[in-house]
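Here is the structure we will look at, set down as structure tokens.
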Amino acid sequence: MQTKELASPLDLIKSSLQIYFKKENLLYLTKIALLYFLVNIPAGVILVSLGITSLSLEKLANGSLENYLTLFSSSVPSILLLIATAVFVLVIILSLWYQVISIKAVAMVVKGERLAIRQILKLAWGRVWKFSVTSLFMGLMVLVGLVLLVIPGIVFAVWFSFAIYIVVTENVGAIDALRKSKALVSG
């Protein structure tokens, strides 16, 4: 079996920058990055607005516990909490989706390929669940390893460091991705 010599960190950085700063790659990846801001800025504004509204309601109570309890027994705070929770859950789902989009877009650019934005959105959406499950498994295994003793947690973190990338780029399940990641890291 022929082994390939690893590139130096400096060579890897130079190669990455050359790929990234090609005009078409830069434009493509910038469009992908803008998606994140187009979704999260409005969601952030909504969450901040709800927080300000909640603080305003608290001020209306004039610091009196009795007024505060009366005010918050109304349905307005419940609705605000429900809206805030819905927006928060939506932001989490969209953030996971965006992570998958980013990983897939960068992987494709490195290969010299590109998909239309709609295509990459659709492709990434189909992998969000596997990505989430893999991230959860990975996190739990590292946490258990850290709780048992610190060293196993560090070993698990290193072993499974590539699992989320494998799930997205190779479209495999969580367990297969964890196995492949461990095999990559083990040599």
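Convention: chains lettered A, B, ... in structure tokens order; per-chain residue numbering from 1; ligands numbered from 1 as shown.
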
Go through stretch 86-183 of chain A and flag each residue having an atom no more than 12 Å from stretch 30-34 of chain A; for those, report the closest pair of atoms plus their distance in Å to one decimal, using only C-alpha atoms, ordered by chain and rising number, as JSON lines.
{"residue": "A:Ser95", "atom": "CA", "partner": "A:Ala33", "partner_atom": "CA", "distance": 11.8}
{"residue": "A:Trp97", "atom": "CA", "partner": "A:Ile32", "partner_atom": "CA", "distance": 11.7}
{"residue": "A:Tyr98", "atom": "CA", "partner": "A:Ile32", "partner_atom": "CA", "distance": 8.6}
{"residue": "A:Gln99", "atom": "CA", "partner": "A:Ala33", "partner_atom": "CA", "distance": 10.3}
{"residue": "A:Val100", "atom": "CA", "partner": "A:Ile32", "partner_atom": "CA", "distance": 11.1}
{"residue": "A:Ile101", "atom": "CA", "partner": "A:Ile32", "partner_atom": "CA", "distance": 7.7}
{"residue": "A:Ser102", "atom": "CA", "partner": "A:Ile32", "partner_atom": "CA", "distance": 7.0}
{"residue": "A:Ile103", "atom": "CA", "partner": "A:Ile32", "partner_atom": "CA", "distance": 10.6}
{"residue": "A:Lys104", "atom": "CA", "partner": "A:Ile32", "partner_atom": "CA", "distance": 10.6}
{"residue": "A:Ala105", "atom": "CA", "partner": "A:Ile32", "partner_atom": "CA", "distance": 7.8}
{"residue": "A:Val106", "atom": "CA", "partner": "A:Ile32", "partner_atom": "CA", "distance": 9.7}
{"residue": "A:Val109", "atom": "CA", "partner": "A:Ile32", "partner_atom": "CA", "distance": 11.8}
{"residue": "A:Arg114", "atom": "CA", "partner": "A:Ile32", "partner_atom": "CA", "distance": 11.5}
{"residue": "A:Leu115", "atom": "CA", "partner": "A:Ile32", "partner_atom": "CA", "distance": 11.1}
{"residue": "A:Ala116", "atom": "CA", "partner": "A:Ile32", "partner_atom": "CA", "distance": 10.4}
{"residue": "A:Ile117", "atom": "CA", "partner": "A:Ile32", "partner_atom": "CA", "distance": 7.6}
{"residue": "A:Arg118", "atom": "CA", "partner": "A:Ile32", "partner_atom": "CA", "distance": 10.7}
{"residue": "A:Ile120", "atom": "CA", "partner": "A:Ile32", "partner_atom": "CA", "distance": 9.4}
{"residue": "A:Leu121", "atom": "CA", "partner": "A:Ile32", "partner_atom": "CA", "distance": 9.6}

Output N, CA and C atoms for every residue in the selection just made, as a PDB file, in the first residue's frame.
ATOM      1  N   SER A  95     -30.344  26.805  11.652  1.00  0.00           N
ATOM      2  CA  SER A  95     -28.892  26.813  11.876  1.00  0.00           C
ATOM      3  C   SER A  95     -28.277  25.453  11.544  1.00  0.00           C
ATOM      4  N   TRP A  97     -29.543  23.340   9.416  1.00  0.00           N
ATOM      5  CA  TRP A  97     -29.635  23.268   7.960  1.00  0.00           C
ATOM      6  C   TRP A  97     -28.507  24.058   7.324  1.00  0.00           C
ATOM      7  N   TYR A  98     -28.243  25.236   7.849  1.00  0.00           N
ATOM      8  CA  TYR A  98     -27.180  26.063   7.291  1.00  0.00           C
ATOM      9  C   TYR A  98     -25.810  25.402   7.457  1.00  0.00           C
ATOM     10  N   GLN A  99     -25.590  24.727   8.580  1.00  0.00           N
ATOM     11  CA  GLN A  99     -24.315  24.032   8.765  1.00  0.00           C
ATOM     12  C   GLN A  99     -24.126  22.965   7.692  1.00  0.00           C
ATOM     13  N   VAL A 100     -25.195  22.223   7.409  1.00  0.00           N
ATOM     14  CA  VAL A 100     -25.130  21.190   6.368  1.00  0.00           C
ATOM     15  C   VAL A 100     -24.883  21.842   5.006  1.00  0.00           C
ATOM     16  N   ILE A 101     -25.582  22.937   4.731  1.00  0.00           N
ATOM     17  CA  ILE A 101     -25.399  23.663   3.467  1.00  0.00           C
ATOM     18  C   ILE A 101     -23.944  24.087   3.323  1.00  0.00           C
ATOM     19  N   SER A 102     -23.383  24.658   4.375  1.00  0.00           N
ATOM     20  CA  SER A 102     -22.001  25.155   4.330  1.00  0.00           C
ATOM     21  C   SER A 102     -21.003  24.041   4.080  1.00  0.00           C
ATOM     22  N   ILE A 103     -21.163  22.945   4.802  1.00  0.00           N
ATOM     23  CA  ILE A 103     -20.231  21.824   4.647  1.00  0.00           C
ATOM     24  C   ILE A 103     -20.303  21.280   3.221  1.00  0.00           C
ATOM     25  N   LYS A 104     -21.514  21.091   2.723  1.00  0.00           N
ATOM     26  CA  LYS A 104     -21.678  20.539   1.372  1.00  0.00           C
ATOM     27  C   LYS A 104     -21.156  21.511   0.315  1.00  0.00           C
ATOM     28  N   ALA A 105     -21.438  22.798   0.471  1.00  0.00           N
ATOM     29  CA  ALA A 105     -20.984  23.799  -0.503  1.00  0.00           C
ATOM     30  C   ALA A 105     -19.459  23.843  -0.558  1.00  0.00           C
ATOM     31  N   VAL A 106     -18.817  23.859   0.589  1.00  0.00           N
ATOM     32  CA  VAL A 106     -17.347  23.905   0.620  1.00  0.00           C
ATOM     33  C   VAL A 106     -16.766  22.622   0.032  1.00  0.00           C
ATOM     34  N   VAL A 109     -17.010  22.893  -3.704  1.00  0.00           N
ATOM     35  CA  VAL A 109     -16.067  23.876  -4.254  1.00  0.00           C
ATOM     36  C   VAL A 109     -14.662  23.282  -4.289  1.00  0.00           C
ATOM     37  N   ARG A 114     -20.088  22.872  -8.388  1.00  0.00           N
ATOM     38  CA  ARG A 114     -21.031  23.792  -7.759  1.00  0.00           C
ATOM     39  C   ARG A 114     -22.431  23.355  -8.108  1.00  0.00           C
ATOM     40  N   LEU A 115     -23.341  23.542  -7.180  1.00  0.00           N
ATOM     41  CA  LEU A 115     -24.761  23.317  -7.441  1.00  0.00           C
ATOM     42  C   LEU A 115     -25.459  24.658  -7.378  1.00  0.00           C
ATOM     43  N   ALA A 116     -26.587  24.765  -8.062  1.00  0.00           N
ATOM     44  CA  ALA A 116     -27.406  25.965  -7.919  1.00  0.00           C
ATOM     45  C   ALA A 116     -27.856  26.055  -6.463  1.00  0.00           C
ATOM     46  N   ILE A 117     -28.103  27.260  -6.001  1.00  0.00           N
ATOM     47  CA  ILE A 117     -28.473  27.468  -4.607  1.00  0.00           C
ATOM     48  C   ILE A 117     -29.691  26.615  -4.230  1.00  0.00           C
ATOM     49  N   ARG A 118     -30.703  26.594  -5.084  1.00  0.00           N
ATOM     50  CA  ARG A 118     -31.897  25.783  -4.790  1.00  0.00           C
ATOM     51  C   ARG A 118     -31.556  24.305  -4.650  1.00  0.00           C
ATOM     52  N   ILE A 120     -28.667  22.969  -3.746  1.00  0.00           N
ATOM     53  CA  ILE A 120     -27.916  22.700  -2.516  1.00  0.00           C
ATOM     54  C   ILE A 120     -28.821  22.810  -1.292  1.00  0.00           C
ATOM     55  N   LEU A 121     -29.799  23.711  -1.335  1.00  0.00           N
ATOM     56  CA  LEU A 121     -30.758  23.812  -0.232  1.00  0.00           C
ATOM     57  C   LEU A 121     -31.545  22.511  -0.092  1.00  0.00           C
TER      58      LEU A 121
END

Could you pull the residues within 9 Å of A:Ser181, counting only C-alpha atoms, minus those fewer than 2 positions along the same chain, as a list in words?
Val158, Trp159, Phe160, Ser161, Phe162, Ala163, Ile164, Tyr165, Ile166, Asp176, Ala177, Leu178, Arg179, Ala183, Leu184, Val185 and Ser186 of chain A

Neighbours of A:Asn40 within 10 Å (only C-alpha atoms; same-chain residues fewer than 5 positions away dropped), as an mmCIF file with N, CA and C atoms, in the first residue's frame?
data_model
loop_
_atom_site.group_PDB
_atom_site.id
_atom_site.type_symbol
_atom_site.label_atom_id
_atom_site.label_comp_id
_atom_site.auth_asym_id
_atom_site.auth_seq_id
_atom_site.Cartn_x
_atom_site.Cartn_y
_atom_site.Cartn_z
ATOM 1 N N LEU A 34 -24.684 34.608 2.794
ATOM 2 C CA LEU A 34 -25.778 35.575 2.888
ATOM 3 C C LEU A 34 -27.091 34.914 3.313
ATOM 4 N N LEU A 35 -27.271 33.665 2.932
ATOM 5 C CA LEU A 35 -28.473 32.937 3.350
ATOM 6 C C LEU A 35 -28.603 32.931 4.869
ATOM 7 N N VAL A 45 -34.084 39.875 15.384
ATOM 8 C CA VAL A 45 -34.904 41.072 15.626
ATOM 9 C C VAL A 45 -36.207 40.682 16.326
ATOM 10 N N ILE A 46 -36.811 39.598 15.896
ATOM 11 C CA ILE A 46 -38.055 39.132 16.525
ATOM 12 C C ILE A 46 -37.807 38.768 17.987
ATOM 13 N N LEU A 90 -37.214 27.350 15.495
ATOM 14 C CA LEU A 90 -37.005 27.571 14.067
ATOM 15 C C LEU A 90 -35.562 27.977 13.774
ATOM 16 N N VAL A 91 -34.995 28.840 14.603
ATOM 17 C CA VAL A 91 -33.601 29.271 14.425
ATOM 18 C C VAL A 91 -32.650 28.086 14.589
ATOM 19 N N ILE A 92 -32.916 27.220 15.547
ATOM 20 C CA ILE A 92 -32.062 26.038 15.737
ATOM 21 C C ILE A 92 -32.115 25.140 14.504
ATOM 22 N N LEU A 94 -32.980 25.947 11.415
ATOM 23 C CA LEU A 94 -32.350 26.635 10.285
ATOM 24 C C LEU A 94 -30.829 26.686 10.435
ATOM 25 N N SER A 95 -30.344 26.805 11.652
ATOM 26 C CA SER A 95 -28.892 26.813 11.876
ATOM 27 C C SER A 95 -28.277 25.453 11.544
#

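Take atom CA of A:Leu96 and atom CA of A:Ser16: the distance between them is 24.0 Å.
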
May I ask which of the residues A:Trp129, A:Phe137, A:Phe156, A:Phe88 is the closest one to A:Val48, counting only C-alpha atoms?
A:Phe88

In chain A, DSSP alpha helix (DSSP H) residues written as number ranges by chain:
A: 9-20, 23-60, 65-72, 75-111, 117-125, 128-148, 150-159, 163-170, 174-186

List the neighbours of A:Val133 out to 10 Å using only C-alpha atoms; skip same-chain residues closer than 5 positions along the sequence, and give me the result as a PyMOL selection string.
chain A and resi 128+138-139+164+167+173-175

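The spacing separating atom CA of A:Ser132 from atom CA of A:Thr85 amounts to 19.3 Å.
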
A:Thr169, A:Glu113, A:Leu143, A:Val150: which is nearest A:Lys130, counting only C-alpha atoms?
A:Thr169

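Distances here use only C-alpha atoms; by that measure, the residue among A:Ala124, A:Val110, A:Leu146, A:Ala84 closest to A:Leu26 is A:Val110.
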